[in-house]
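K.L.:
Below: one structure in structure tokens.
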Amino acid sequence: MDWLIDSVLLVDSTFRVGAPLVLAALAGLVAERAGIVDIGLEGKMLAAAFAAAATAAITGSPWAGLIAGITASVLIALLHGFVSITQRGNQIVSGMALNIAVAGLAPTLANFWFSQGGQTPLLNDTERFTAITLPFAESLNSVPVLGHVYSDIISGHTVITYIAAFAVPFTAWMLYKTRFGLRLRAVGENPEAVDTAGISVQRLRYYAVMIGGVLCGLAGAALSTGLGAAFIRDMSAGKGYLALAAMIFGKWKPVPTLLACLLFAFVEALQGRLQGVDLPIVGEIPVQFTMMLPYVLTVIILAGFVGKIQAPKASGIPYGKGE
């Protein structure tokens with residue numbers, strides 16, 4: 001039965017690791033559906049992780065940290081929106097500049113305020129989001145298969161992980177079943193037609209980047225107050241770029257994007273469990289090799305398996321009224 005226990009633990013780890021990826025990928029998806037390339041997902045996640053951990057450490061409340069993380073992420077999203085939408089600047093350059101600026105600013109502020117080498121103080125259990133045991137989880141644990149699935153896989157995650165699970169159907173409903181979603185997709189495909197109909201293209205694009213800011217804020221808070229117990233330098237570790245890859249792999253659709261995120265999360269969870277394990281024939285795999293597995297998978301998928309992709313037609317193209 002060891003294989004069953006290992007499988008359950010692996011799936012459980014996949015969901016926990018995948019939550020920030022899913023939230024960040026949905027953020028990028030909403031922005032690009034409105035025509036804004038949001039390569040700054042990494043920076044927004046990092047800023048939110050720092051703001052959430054710092055605020056939770058000072059106030060003792062993970063919810064205050066979550067609000068601070070979302071606020072920081074939305075402010076950066078608005079800055080990206082100002083450059084990309086109002087000033088019609090280059091969206092790639094803006095996103096990369098924000099990523100680089102936050103990567104340096106966050107540990108500098110952490111060192112200035114807490115003097116702990118660029119990280120925030122360790123959070124105890126009351127200052128961070130801990131696992132939630134769902135009703136009947138303990139009593140159903142003895143039930144074969146379904147009991148283990150409910151008790152060990154569905155139950156026992158943080159509130160942000162459950163929000164991430166809810167965010168996928170909500171985003172799909174918003175994009176495909178609401179008037180706002182229809183207009184958002186139209187802005188990403190044909191902003192001139194939307195403008196002709198008397199709808200503000202700029203306002204819709206600002207709404208999109210703000211939604212992305214909220215989702216990235218949740219993702220960053222999950223890193224420092226859910227998966228981890230403090231902010232440390234570069235703790236997002238490229239997850240913003242993995243989220244972009246998952247969004248492209250999912251062809252800008254919520255459910256395929258979710259599946260891509262879970263694939264990346266599975267590989268990341270697997271590499272964590274492979275570290276230090278002595279495998280038959282090959283022996284112990286070096287840590288450096290297992291750590292690069294998610295990124296190697298990203299390159300392989302995008303290079304050979306994603307097939308023909310068609311981004312929103314107006315994605316990355318600044319829009320000016322009358323042009």
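By order in the structure tokens, chains are A, B, ...; within a chain, residues start at 1; ligands start at 1, following the order shown.
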Give one line per residue of range 182-292 of chain A that approaches range 8-18 of chain A to at most 12 Å, naming the two atoms of the closest pair and their distance in Å to one decimal, counting only C-alpha atoms; sort by chain then ascending residue number and deliver it as JSON lines.

P.N.:
{"residue": "A:Ala219", "atom": "CA", "partner": "A:Gly18", "partner_atom": "CA", "distance": 9.9}
{"residue": "A:Ala222", "atom": "CA", "partner": "A:Arg16", "partner_atom": "CA", "distance": 9.4}
{"residue": "A:Leu223", "atom": "CA", "partner": "A:Val17", "partner_atom": "CA", "distance": 9.0}
{"residue": "A:Gly226", "atom": "CA", "partner": "A:Arg16", "partner_atom": "CA", "distance": 9.1}
{"residue": "A:Leu227", "atom": "CA", "partner": "A:Arg16", "partner_atom": "CA", "distance": 7.4}
{"residue": "A:Gly228", "atom": "CA", "partner": "A:Val17", "partner_atom": "CA", "distance": 10.9}
{"residue": "A:Ser236", "atom": "CA", "partner": "A:Val17", "partner_atom": "CA", "distance": 11.5}
{"residue": "A:Lys239", "atom": "CA", "partner": "A:Gly18", "partner_atom": "CA", "distance": 9.8}
{"residue": "A:Leu242", "atom": "CA", "partner": "A:Gly18", "partner_atom": "CA", "distance": 10.8}
{"residue": "A:Ala243", "atom": "CA", "partner": "A:Gly18", "partner_atom": "CA", "distance": 9.8}
{"residue": "A:Ala246", "atom": "CA", "partner": "A:Gly18", "partner_atom": "CA", "distance": 11.1}
{"residue": "A:Thr257", "atom": "CA", "partner": "A:Gly18", "partner_atom": "CA", "distance": 11.4}
{"residue": "A:Leu258", "atom": "CA", "partner": "A:Gly18", "partner_atom": "CA", "distance": 8.8}
{"residue": "A:Leu259", "atom": "CA", "partner": "A:Gly18", "partner_atom": "CA", "distance": 9.9}
{"residue": "A:Ala260", "atom": "CA", "partner": "A:Gly18", "partner_atom": "CA", "distance": 9.8}
{"residue": "A:Cys261", "atom": "CA", "partner": "A:Gly18", "partner_atom": "CA", "distance": 6.1}
{"residue": "A:Leu262", "atom": "CA", "partner": "A:Gly18", "partner_atom": "CA", "distance": 5.7}
{"residue": "A:Leu263", "atom": "CA", "partner": "A:Thr14", "partner_atom": "CA", "distance": 8.4}
{"residue": "A:Phe264", "atom": "CA", "partner": "A:Gly18", "partner_atom": "CA", "distance": 7.6}
{"residue": "A:Ala265", "atom": "CA", "partner": "A:Gly18", "partner_atom": "CA", "distance": 4.8}
{"residue": "A:Phe266", "atom": "CA", "partner": "A:Thr14", "partner_atom": "CA", "distance": 4.8}
{"residue": "A:Val267", "atom": "CA", "partner": "A:Thr14", "partner_atom": "CA", "distance": 8.1}
{"residue": "A:Glu268", "atom": "CA", "partner": "A:Val17", "partner_atom": "CA", "distance": 7.6}
{"residue": "A:Ala269", "atom": "CA", "partner": "A:Thr14", "partner_atom": "CA", "distance": 5.6}
{"residue": "A:Leu270", "atom": "CA", "partner": "A:Leu10", "partner_atom": "CA", "distance": 6.9}
{"residue": "A:Gln271", "atom": "CA", "partner": "A:Leu10", "partner_atom": "CA", "distance": 10.3}
{"residue": "A:Gly272", "atom": "CA", "partner": "A:Ser13", "partner_atom": "CA", "distance": 9.3}
{"residue": "A:Arg273", "atom": "CA", "partner": "A:Leu10", "partner_atom": "CA", "distance": 8.0}
{"residue": "A:Leu274", "atom": "CA", "partner": "A:Leu10", "partner_atom": "CA", "distance": 10.9}

K.L.:
Quick one: residues within 12 Å of range 166-183 of chain A, only C-alpha atoms counted, chain neighbours fewer than 6 positions away excluded, as number ranges by chain?

P.N.:
A: 19-31, 33-35, 159-160, 189-195, 197-205, 207-208, 211-212, 214-215, 218-219, 252-259, 261

K.L.:
Store the residues picked out above, limited to N, CA and C atoms, as a compact mmCIF listing (two decimals), in the first residue's frame.

P.N.:
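File produced: out34.txt:
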# COMPACT_ATOMS: atom_id res chain seq x y z
N ALA A 19 -1.96 25.78 -6.77
CA ALA A 19 -2.88 26.90 -6.51
C ALA A 19 -2.31 28.26 -6.94
N PRO A 20 -1.08 28.64 -6.53
CA PRO A 20 -0.56 29.94 -7.01
C PRO A 20 -0.41 30.00 -8.52
N LEU A 21 -0.02 28.87 -9.13
CA LEU A 21 0.11 28.84 -10.59
C LEU A 21 -1.23 29.10 -11.26
N VAL A 22 -2.27 28.45 -10.76
CA VAL A 22 -3.60 28.61 -11.36
C VAL A 22 -4.06 30.06 -11.26
N LEU A 23 -3.90 30.67 -10.09
CA LEU A 23 -4.34 32.06 -9.90
C LEU A 23 -3.55 33.00 -10.81
N ALA A 24 -2.24 32.81 -10.90
CA ALA A 24 -1.43 33.68 -11.75
C ALA A 24 -1.76 33.48 -13.23
N ALA A 25 -1.97 32.23 -13.62
CA ALA A 25 -2.30 31.97 -15.02
C ALA A 25 -3.66 32.59 -15.40
N LEU A 26 -4.63 32.52 -14.49
CA LEU A 26 -5.92 33.16 -14.76
C LEU A 26 -5.76 34.68 -14.86
N ALA A 27 -4.86 35.23 -14.05
CA ALA A 27 -4.60 36.68 -14.12
C ALA A 27 -4.08 37.06 -15.50
N GLY A 28 -3.11 36.29 -15.99
CA GLY A 28 -2.58 36.57 -17.31
C GLY A 28 -3.62 36.36 -18.39
N LEU A 29 -4.45 35.34 -18.20
CA LEU A 29 -5.49 35.03 -19.20
C LEU A 29 -6.49 36.18 -19.34
N VAL A 30 -6.96 36.70 -18.20
CA VAL A 30 -7.95 37.78 -18.23
C VAL A 30 -7.34 39.02 -18.89
N ALA A 31 -6.07 39.33 -18.53
CA ALA A 31 -5.43 40.51 -19.10
C ALA A 31 -5.26 40.36 -20.62
N ARG A 33 -6.85 38.42 -22.65
CA ARG A 33 -8.14 38.41 -23.34
C ARG A 33 -8.63 39.82 -23.62
N ALA A 34 -8.15 40.77 -22.81
CA ALA A 34 -8.51 42.17 -23.03
C ALA A 34 -7.47 42.90 -23.87
N GLY A 35 -6.44 42.17 -24.33
CA GLY A 35 -5.45 42.79 -25.21
C GLY A 35 -4.21 43.31 -24.52
N VAL A 159 -7.35 28.18 2.63
CA VAL A 159 -8.49 28.84 2.02
C VAL A 159 -8.14 29.37 0.63
N ILE A 160 -6.88 29.76 0.41
CA ILE A 160 -6.49 30.29 -0.90
C ILE A 160 -6.51 29.18 -1.96
N GLU A 189 -9.95 41.20 -29.18
CA GLU A 189 -9.98 40.76 -30.58
C GLU A 189 -10.13 41.93 -31.56
N ASN A 190 -11.03 42.85 -31.21
CA ASN A 190 -11.31 43.94 -32.14
C ASN A 190 -11.71 45.20 -31.36
N PRO A 191 -10.73 45.90 -30.81
CA PRO A 191 -11.05 47.08 -29.99
C PRO A 191 -11.76 48.18 -30.77
N GLU A 192 -11.50 48.25 -32.09
CA GLU A 192 -12.16 49.29 -32.88
C GLU A 192 -13.68 49.10 -32.87
N ALA A 193 -14.12 47.84 -32.98
CA ALA A 193 -15.56 47.57 -32.98
C ALA A 193 -16.18 47.94 -31.64
N VAL A 194 -15.46 47.63 -30.56
CA VAL A 194 -15.96 47.97 -29.22
C VAL A 194 -16.06 49.48 -29.07
N ASP A 195 -15.05 50.18 -29.55
CA ASP A 195 -15.04 51.64 -29.46
C ASP A 195 -16.18 52.23 -30.28
N ALA A 197 -18.99 50.95 -30.81
CA ALA A 197 -20.26 50.71 -30.10
C ALA A 197 -20.43 51.65 -28.91
N GLY A 198 -19.48 52.53 -28.69
CA GLY A 198 -19.60 53.51 -27.61
C GLY A 198 -19.13 53.00 -26.25
N ILE A 199 -18.36 51.91 -26.27
CA ILE A 199 -17.84 51.35 -25.02
C ILE A 199 -16.37 51.73 -24.88
N SER A 200 -15.98 52.13 -23.69
CA SER A 200 -14.62 52.58 -23.46
C SER A 200 -13.65 51.40 -23.45
N VAL A 201 -12.75 51.38 -24.41
CA VAL A 201 -11.73 50.33 -24.48
C VAL A 201 -10.77 50.45 -23.30
N GLN A 202 -10.38 51.67 -22.99
CA GLN A 202 -9.43 51.88 -21.89
C GLN A 202 -10.00 51.39 -20.56
N ARG A 203 -11.26 51.71 -20.31
CA ARG A 203 -11.86 51.31 -19.04
C ARG A 203 -11.91 49.80 -18.90
N LEU A 204 -12.30 49.11 -19.97
CA LEU A 204 -12.35 47.65 -19.93
C LEU A 204 -10.97 47.05 -19.71
N ARG A 205 -9.97 47.62 -20.34
CA ARG A 205 -8.61 47.09 -20.17
C ARG A 205 -8.11 47.36 -18.75
N TYR A 207 -10.05 47.44 -16.12
CA TYR A 207 -10.74 46.43 -15.32
C TYR A 207 -9.99 45.09 -15.39
N ALA A 208 -9.55 44.74 -16.60
CA ALA A 208 -8.87 43.45 -16.79
C ALA A 208 -7.56 43.39 -16.00
N ILE A 211 -8.35 43.00 -12.30
CA ILE A 211 -8.72 41.62 -11.95
C ILE A 211 -7.46 40.75 -11.87
N GLY A 212 -6.58 40.96 -12.84
CA GLY A 212 -5.30 40.23 -12.80
C GLY A 212 -4.51 40.56 -11.55
N VAL A 214 -5.71 41.38 -8.59
CA VAL A 214 -6.32 40.68 -7.45
C VAL A 214 -5.90 39.20 -7.44
N LEU A 215 -5.95 38.57 -8.61
CA LEU A 215 -5.59 37.15 -8.69
C LEU A 215 -4.11 36.94 -8.37
N LEU A 218 -3.59 37.17 -4.62
CA LEU A 218 -3.91 35.90 -3.96
C LEU A 218 -2.77 34.89 -4.15
N ALA A 219 -2.22 34.84 -5.36
CA ALA A 219 -1.14 33.89 -5.63
C ALA A 219 0.09 34.19 -4.78
N TRP A 252 -5.40 30.19 -23.87
CA TRP A 252 -6.18 31.33 -23.34
C TRP A 252 -7.60 30.92 -22.94
N LYS A 253 -7.75 29.66 -22.52
CA LYS A 253 -9.05 29.16 -22.06
C LYS A 253 -8.89 28.65 -20.62
N PRO A 254 -9.86 28.93 -19.74
CA PRO A 254 -9.67 28.63 -18.31
C PRO A 254 -9.41 27.16 -18.00
N VAL A 255 -10.24 26.25 -18.51
CA VAL A 255 -10.09 24.84 -18.12
C VAL A 255 -8.79 24.23 -18.67
N PRO A 256 -8.47 24.39 -19.97
CA PRO A 256 -7.17 23.88 -20.43
C PRO A 256 -5.99 24.52 -19.69
N THR A 257 -6.13 25.80 -19.33
CA THR A 257 -5.07 26.45 -18.56
C THR A 257 -4.93 25.79 -17.19
N LEU A 258 -6.06 25.45 -16.56
CA LEU A 258 -6.01 24.74 -15.28
C LEU A 258 -5.27 23.42 -15.43
N LEU A 259 -5.58 22.67 -16.47
CA LEU A 259 -4.92 21.37 -16.66
C LEU A 259 -3.41 21.54 -16.88
N CYS A 261 -1.58 23.99 -15.71
CA CYS A 261 -1.02 24.35 -14.39
C CYS A 261 -0.84 23.10 -13.53

K.L.:
Quick check for you: according to DSSP on this backbone, which residues of range 14-193 of chain A are classed as helix (DSSP H, G or I)? Reply as a PyMOL selection string.

P.N.:
chain A and resi 14-33+41-59+62-86+91-114+125-127+146-154+159-177+179-189+191-193

K.L.:
Give me, as a ChimeraX atom specification, all polymer residues having an atom no more than 12 Å from Ala51 in chain A, counting only C-alpha atoms and skipping those fewer than 2 positions away in the same chain.

P.N.:
/A:44-49,53-59,62-75,102,105-107,109-110,113,119-120,217-218,220-225,230-232

K.L.:
For CA of Gly156 in chain A and CA of Met247 in chain A, quote the distance in Å rounded to one decimal.

P.N.:
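The value is 27.0 Å.
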
K.L.:
Give the answer as one residue: which of A:Val143, A:Asn111, A:Arg128, A:Asp38 has the shortest atom-to-atom distance to Gly81 in chain A, using only C-alpha atoms?

P.N.:
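Once distances to Gly81 in chain A are computed over only C-alpha atoms, the minimum belongs to A:Asp38.
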
K.L.:
Name all residues at most 8 Å from Arg88 in chain A (count only C-alpha atoms; drop same-chain ones fewer than 4 positions away) and give them as a PDB file with N, CA and C atoms, in the first residue's frame.

P.N.:
ATOM      1  N   VAL A  83       1.107  52.516 -18.015  1.00  0.00           N
ATOM      2  CA  VAL A  83       2.120  52.520 -19.078  1.00  0.00           C
ATOM      3  C   VAL A  83       1.553  51.923 -20.372  1.00  0.00           C
ATOM      4  N   SER A  84       0.817  50.823 -20.234  1.00  0.00           N
ATOM      5  CA  SER A  84       0.370  50.067 -21.419  1.00  0.00           C
ATOM      6  C   SER A  84      -0.877  50.652 -22.069  1.00  0.00           C
ATOM      7  N   PRO A 318      -1.221  48.455 -28.454  1.00  0.00           N
ATOM      8  CA  PRO A 318      -1.871  49.618 -27.815  1.00  0.00           C
ATOM      9  C   PRO A 318      -2.993  50.158 -28.690  1.00  0.00           C
ATOM     10  N   TYR A 319      -4.026  50.659 -28.046  1.00  0.00           N
ATOM     11  CA  TYR A 319      -5.150  51.188 -28.819  1.00  0.00           C
ATOM     12  C   TYR A 319      -5.312  52.677 -28.535  1.00  0.00           C
ATOM     13  N   GLY A 320      -5.415  53.428 -29.608  1.00  0.00           N
ATOM     14  CA  GLY A 320      -5.671  54.848 -29.484  1.00  0.00           C
ATOM     15  C   GLY A 320      -6.926  55.210 -30.260  1.00  0.00           C
TER      16      GLY A 320
END

K.L.:
Kindly give the distance, in Å, that separates CA of Glu138 in chain A and CA of Asn124 in chain A, rounded to a single decimal.

P.N.:
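That distance, rounded to one decimal, is 24.4 Å.
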
K.L.:
Suppose you want the space between CA of Ser151 in chain A and CA of Ser139 in chain A; what is it in Å?

P.N.:
8.7 Å
